[in-house]
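So this one's model-v3.txt, compact mmCIF, C-alpha atoms and all ligand atoms:
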# COMPACT_ATOMS: atom_id res chain seq x y z
CA MET A 1 110.85 -196.84 -69.52
CA LYS A 2 107.26 -195.74 -69.66
CA THR A 3 105.13 -195.90 -72.81
CA LEU A 4 102.23 -193.48 -72.92
CA ARG A 5 99.39 -194.37 -75.30
CA LEU A 6 97.04 -191.62 -76.41
CA ARG A 7 94.17 -191.71 -78.84
CA THR A 8 93.11 -188.99 -81.28
CA ASN A 9 89.97 -189.03 -83.39
CA SER A 10 90.68 -186.33 -85.98
CA ARG A 11 93.53 -184.45 -87.63
CA GLU A 12 92.60 -181.44 -85.49
CA GLN A 13 93.01 -183.50 -82.31
CA THR A 14 96.42 -184.70 -83.44
CA ILE A 15 97.41 -181.09 -84.12
CA ALA A 16 96.15 -180.15 -80.63
CA LEU A 17 98.27 -182.93 -79.13
CA GLY A 18 101.27 -181.77 -81.13
CA ARG A 19 100.74 -178.25 -79.82
CA LEU A 20 100.71 -179.49 -76.25
CA ILE A 21 103.89 -181.50 -76.86
CA GLY A 22 105.61 -178.53 -78.52
CA ALA A 23 104.64 -176.17 -75.71
CA GLY A 24 106.40 -178.36 -73.16
CA LEU A 25 109.47 -179.44 -75.12
CA PRO A 26 112.84 -178.28 -73.81
CA PRO A 27 115.10 -176.55 -76.40
CA GLY A 28 117.38 -179.04 -78.13
CA SER A 29 114.89 -181.92 -77.96
CA VAL A 30 114.90 -184.53 -80.72
CA VAL A 31 111.54 -186.04 -81.67
CA CYS A 32 111.51 -189.31 -83.63
CA LEU A 33 108.30 -189.95 -85.57
CA GLU A 34 107.33 -193.35 -86.89
CA GLY A 35 104.14 -194.48 -88.60
CA ASP A 36 102.94 -195.43 -92.07
CA LEU A 37 102.17 -192.96 -94.82
CA GLY A 38 99.14 -190.90 -93.79
CA ALA A 39 99.45 -191.83 -90.12
CA GLY A 40 99.71 -188.17 -89.09
CA LYS A 41 103.40 -187.48 -88.56
CA THR A 42 103.23 -184.18 -90.45
CA ALA A 43 99.93 -183.25 -88.77
CA LEU A 44 101.54 -183.76 -85.36
CA THR A 45 104.47 -181.58 -86.45
CA VAL A 46 102.07 -178.81 -87.54
CA GLY A 47 100.83 -178.69 -83.96
CA LEU A 48 104.27 -179.02 -82.46
CA ALA A 49 105.41 -175.94 -84.38
CA LYS A 50 102.41 -174.02 -83.00
CA GLY A 51 103.35 -175.11 -79.50
CA LEU A 52 106.85 -173.76 -80.09
CA GLY A 53 105.29 -170.43 -81.06
CA ILE A 54 106.19 -170.70 -84.75
CA ARG A 55 103.65 -168.85 -86.84
CA LYS A 56 104.61 -169.79 -90.40
CA SER A 57 102.82 -172.79 -91.82
CA VAL A 58 104.43 -176.21 -91.71
CA SER A 59 104.32 -178.45 -94.76
CA SER A 60 105.84 -181.82 -95.48
CA PRO A 61 109.58 -181.95 -96.23
CA THR A 62 109.06 -185.14 -98.27
CA PHE A 63 110.95 -183.86 -101.30
CA THR A 64 113.44 -181.55 -99.63
CA LEU A 65 114.34 -183.83 -96.66
CA LEU A 66 114.57 -180.80 -94.35
CA ILE A 67 112.59 -177.62 -93.79
CA GLU A 68 114.01 -175.11 -91.35
CA HIS A 69 111.60 -172.88 -89.42
CA GLU A 70 112.93 -169.74 -87.80
CA ALA A 71 112.40 -169.37 -84.10
CA GLY A 72 109.09 -167.88 -83.03
CA GLU A 73 108.14 -166.31 -79.74
CA ARG A 74 109.89 -168.99 -77.66
CA GLY A 75 113.22 -168.40 -79.40
CA VAL A 76 113.49 -172.04 -80.47
CA PRO A 77 113.83 -172.91 -84.17
CA LEU A 78 112.32 -176.09 -85.60
CA TYR A 79 114.21 -178.41 -87.93
CA HIS A 80 111.65 -180.64 -89.61
CA PHE A 81 113.11 -183.68 -91.39
CA ASP A 82 111.47 -186.34 -93.52
CA VAL A 83 114.12 -188.99 -94.15
CA TYR A 84 111.91 -191.51 -95.92
CA ARG A 85 114.20 -191.43 -98.93
CA LEU A 86 117.41 -191.90 -96.95
CA THR A 87 118.41 -195.54 -96.80
CA ASP A 88 120.76 -195.44 -93.82
CA SER A 89 122.40 -193.41 -91.07
CA ASP A 90 125.52 -192.76 -93.15
CA SER A 91 123.56 -190.73 -95.69
CA PHE A 92 122.14 -188.63 -92.84
CA LEU A 93 125.66 -187.91 -91.61
CA GLU A 94 127.02 -187.27 -95.12
CA LEU A 95 124.40 -184.56 -95.61
CA GLY A 96 125.63 -182.91 -92.41
CA PHE A 97 122.21 -183.27 -90.77
CA ASP A 98 123.75 -184.32 -87.45
CA GLU A 99 124.93 -180.71 -87.08
CA TYR A 100 121.34 -179.67 -86.40
CA ILE A 101 121.24 -181.94 -83.36
CA GLY A 102 122.52 -180.80 -80.00
CA GLY A 103 121.87 -177.10 -80.54
CA ASN A 104 119.06 -174.93 -79.26
CA GLY A 105 116.59 -175.99 -81.94
CA VAL A 106 114.04 -178.78 -81.77
CA CYS A 107 114.56 -181.53 -84.38
CA VAL A 108 111.58 -183.52 -85.60
CA ILE A 109 112.40 -186.49 -87.81
CA GLU A 110 109.69 -188.27 -89.76
CA TRP A 111 110.63 -191.90 -90.61
CA SER A 112 113.41 -191.69 -88.01
CA GLY A 113 113.90 -195.47 -88.10
CA GLN A 114 115.72 -195.06 -91.40
CA VAL A 115 118.56 -193.16 -89.68
CA ARG A 116 118.10 -194.13 -86.03
CA GLU A 117 121.78 -194.85 -85.42
CA ALA A 118 122.70 -191.29 -86.33
CA LEU A 119 120.33 -189.91 -83.66
CA PRO A 120 120.82 -189.60 -79.90
CA VAL A 121 119.59 -192.42 -77.66
CA GLU A 122 117.44 -190.01 -75.66
CA CYS A 123 114.82 -188.97 -78.19
CA LEU A 124 111.13 -188.49 -77.65
CA GLU A 125 109.89 -191.47 -79.67
CA ILE A 126 106.38 -191.28 -81.07
CA LYS A 127 104.86 -194.11 -83.04
CA ILE A 128 101.52 -193.38 -84.70
CA ASN A 129 99.26 -196.28 -85.57
CA PHE A 130 95.90 -196.52 -87.28
CA ALA A 131 93.80 -197.42 -84.28
CA ASP A 132 90.72 -199.05 -85.70
CA PRO A 133 89.89 -199.93 -89.34
CA SER A 134 86.21 -199.09 -88.77
CA GLN A 135 87.18 -195.56 -87.65
CA PRO A 136 89.44 -194.12 -90.36
CA ASP A 137 90.12 -190.92 -88.41
CA SER A 138 91.29 -192.55 -85.19
CA ARG A 139 94.95 -192.92 -84.34
CA GLU A 140 96.87 -194.34 -81.42
CA LEU A 141 100.09 -192.57 -80.48
CA ALA A 142 102.64 -194.45 -78.39
CA LEU A 143 105.16 -192.13 -76.74
CA SER A 144 108.32 -192.99 -74.84
CA TRP A 145 111.35 -190.95 -73.83
CA GLN A 146 114.27 -192.52 -72.06
CA GLY A 147 115.02 -190.68 -68.82
CA ASN A 148 111.89 -188.53 -69.13
CA ASP A 149 109.04 -190.58 -67.70
CA GLU A 150 107.92 -187.64 -65.55
CA TRP A 151 107.63 -185.44 -68.61
CA LEU A 152 105.28 -188.03 -70.15
CA THR A 153 103.22 -188.24 -66.97
CA LYS A 154 102.71 -184.48 -67.06
CA LEU A 155 101.80 -184.61 -70.75
CA ALA A 156 99.19 -187.30 -70.03
CA ALA A 157 97.65 -185.19 -67.28
CA ASP A 158 97.60 -182.03 -69.42
CA TRP A 159 96.12 -183.93 -72.34
CA SER A 160 93.24 -185.40 -70.36
CA LYS A 161 92.57 -181.95 -68.89
CA GLY A 162 92.56 -180.45 -72.40
CA LEU A 163 90.22 -183.10 -73.78
CA THR A 164 87.48 -181.92 -71.49
CA THR A 165 87.65 -178.42 -72.98
CA MET A 166 88.44 -179.45 -76.57
CA ASN A 167 84.85 -179.23 -77.77
CA GLN A 168 84.29 -175.71 -76.58
CA PRO A 169 83.75 -173.31 -79.52
CA ASP A 170 86.80 -171.10 -78.78
CA ASN A 171 89.19 -174.02 -78.93
CA ARG A 172 87.73 -175.33 -82.17
CA LYS A 173 88.30 -171.99 -83.82
CA GLU A 174 91.88 -171.82 -82.60
CA GLU A 175 92.84 -175.16 -84.13
CA ARG A 176 91.77 -174.26 -87.68
P1 LIG B 1 102.21 -188.59 -92.51
O1 LIG B 1 103.09 -187.39 -92.35
O2 LIG B 1 102.33 -189.57 -91.38
O3 LIG B 1 102.35 -189.26 -93.85
P2 LIG B 1 100.05 -186.66 -92.69
O4 LIG B 1 100.01 -185.89 -91.43
O5 LIG B 1 100.68 -186.03 -93.89
O6 LIG B 1 100.70 -188.11 -92.42
O7 LIG B 1 98.59 -187.07 -93.12
C1 LIG B 1 97.65 -187.62 -92.23
C2 LIG B 1 96.34 -187.77 -92.98
O8 LIG B 1 95.39 -188.48 -92.20
C3 LIG B 1 95.73 -186.42 -93.33
O9 LIG B 1 95.07 -186.54 -94.56
C4 LIG B 1 94.71 -186.23 -92.19
O10 LIG B 1 93.61 -185.41 -92.56
C5 LIG B 1 94.25 -187.66 -91.96
N1 LIG B 1 93.80 -187.95 -90.59
C6 LIG B 1 92.62 -188.54 -90.26
N2 LIG B 1 92.52 -188.72 -88.95
C7 LIG B 1 93.66 -188.25 -88.40
C8 LIG B 1 94.16 -188.18 -87.05
N3 LIG B 1 93.46 -188.67 -85.99
N4 LIG B 1 95.37 -187.64 -86.87
C9 LIG B 1 96.11 -187.19 -87.91
N5 LIG B 1 95.71 -187.23 -89.21
C10 LIG B 1 94.50 -187.76 -89.45
MG MG B 2 104.70 -186.65 -93.48

Render the structure in this file as structure tokens.
Ligand code: ADP
Ligand code: MG
Amino acid sequence: MKTLRLRTNSREQTIALGRLIGAGLPPGSVVCLEGDLGAGKTALTVGLAKGLGIRKSVSSPTFTLLIEHEAGERGVPLYHFDVYRLTDSDSFLELGFDEYIGGNGVCVIEWSGQVREALPVECLEIKINFADPSQPDSRELALSWQGNDEWLTKLAADWSKGLTTMNQPDNRKEER
């Protein structure tokens, strides 16, 4: 299984990456997000929602565990979980959260490791790390997706293409 490592140097770049990921995600995908507090899991999800064509703003479900976003122009709803406060997979199942998986909607789960056993094997796994202590705004994202190496290869190509146009004024405006 391939692991794709990408670097971002600002919150805006992580949102742009999330948008690219969201734009290419098949309906029903499950995205597992790992990374310490402040790594950028919610920022990535903000972009992912944009990529799915969802217009309403995305905030952190830290206290509510789940925020549901109605489908936008692509007809795919987003179920945004933050399961930091769940201690195990059983609590995820007891809350009925597994019913969101396997439908048309995209599920994004922050702190997925807490409930990993309740999730499908074939998830897009994204681990966000602080890349360099001397550069507080840089992050390294490690992506893997069992059975979907080609999808990651395409993402890598699209991302490097996008980076060359990222600094153009029109794009900067769009990401705000
Ligand atoms: P998490 O959901 O992982 O706790 P958030 O997305 O809520 O993280 O917060 C990330 C924080 O880090 C924000 O304050 C954001 O401005 C900051 N930040 C700095 N650099 C980056 C980057 N490259 N990507 C994402 N966020 C970044
Ligand atoms: Mg968060």

Excluding Gln114 of chain A and any residue of its chain fewer than 2 positions from it, enumerate the residues within 12 Å of it, using only C-alpha atoms, and give them as a PyMOL selection string. chain A and resi 32-35+81-92+109-112+116-119

Expected selection as a list in words for ligand MG 2 (chain B) within 8 Å, only C-alpha atoms and all ligand atoms: Leu37, Gly38, Gly40, Lys41, Thr42, Ala43, Ser60, Pro61, Thr62, Asp82 and Glu110 of chain A

Return as AutoDock Vina command-line options the centre and edge lengths, in Å with one decimal, of the box along x, y and z that encloses every atom of ligand LIG 1 (chain B) in the file, padded by 6 Å per side.
--center_x 97.8 --center_y -187.5 --center_z -90.3 --size_x 22.6 --size_y 16.2 --size_z 20.6

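Between ligand LIG 1 (chain B) and the candidates A:Cys107, A:Leu152, A:Val30, A:Ile15, the tightest atom-to-atom separation, counting all atoms listed in the file, involves A:Ile15.
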
Applying 8 Å and only C-alpha atoms, which residues near segment 132-141 of chain A remain after dropping the ones on its own chain fewer than 6 positions away? List them as a PyMOL selection string. chain A and resi 4-11+39+126
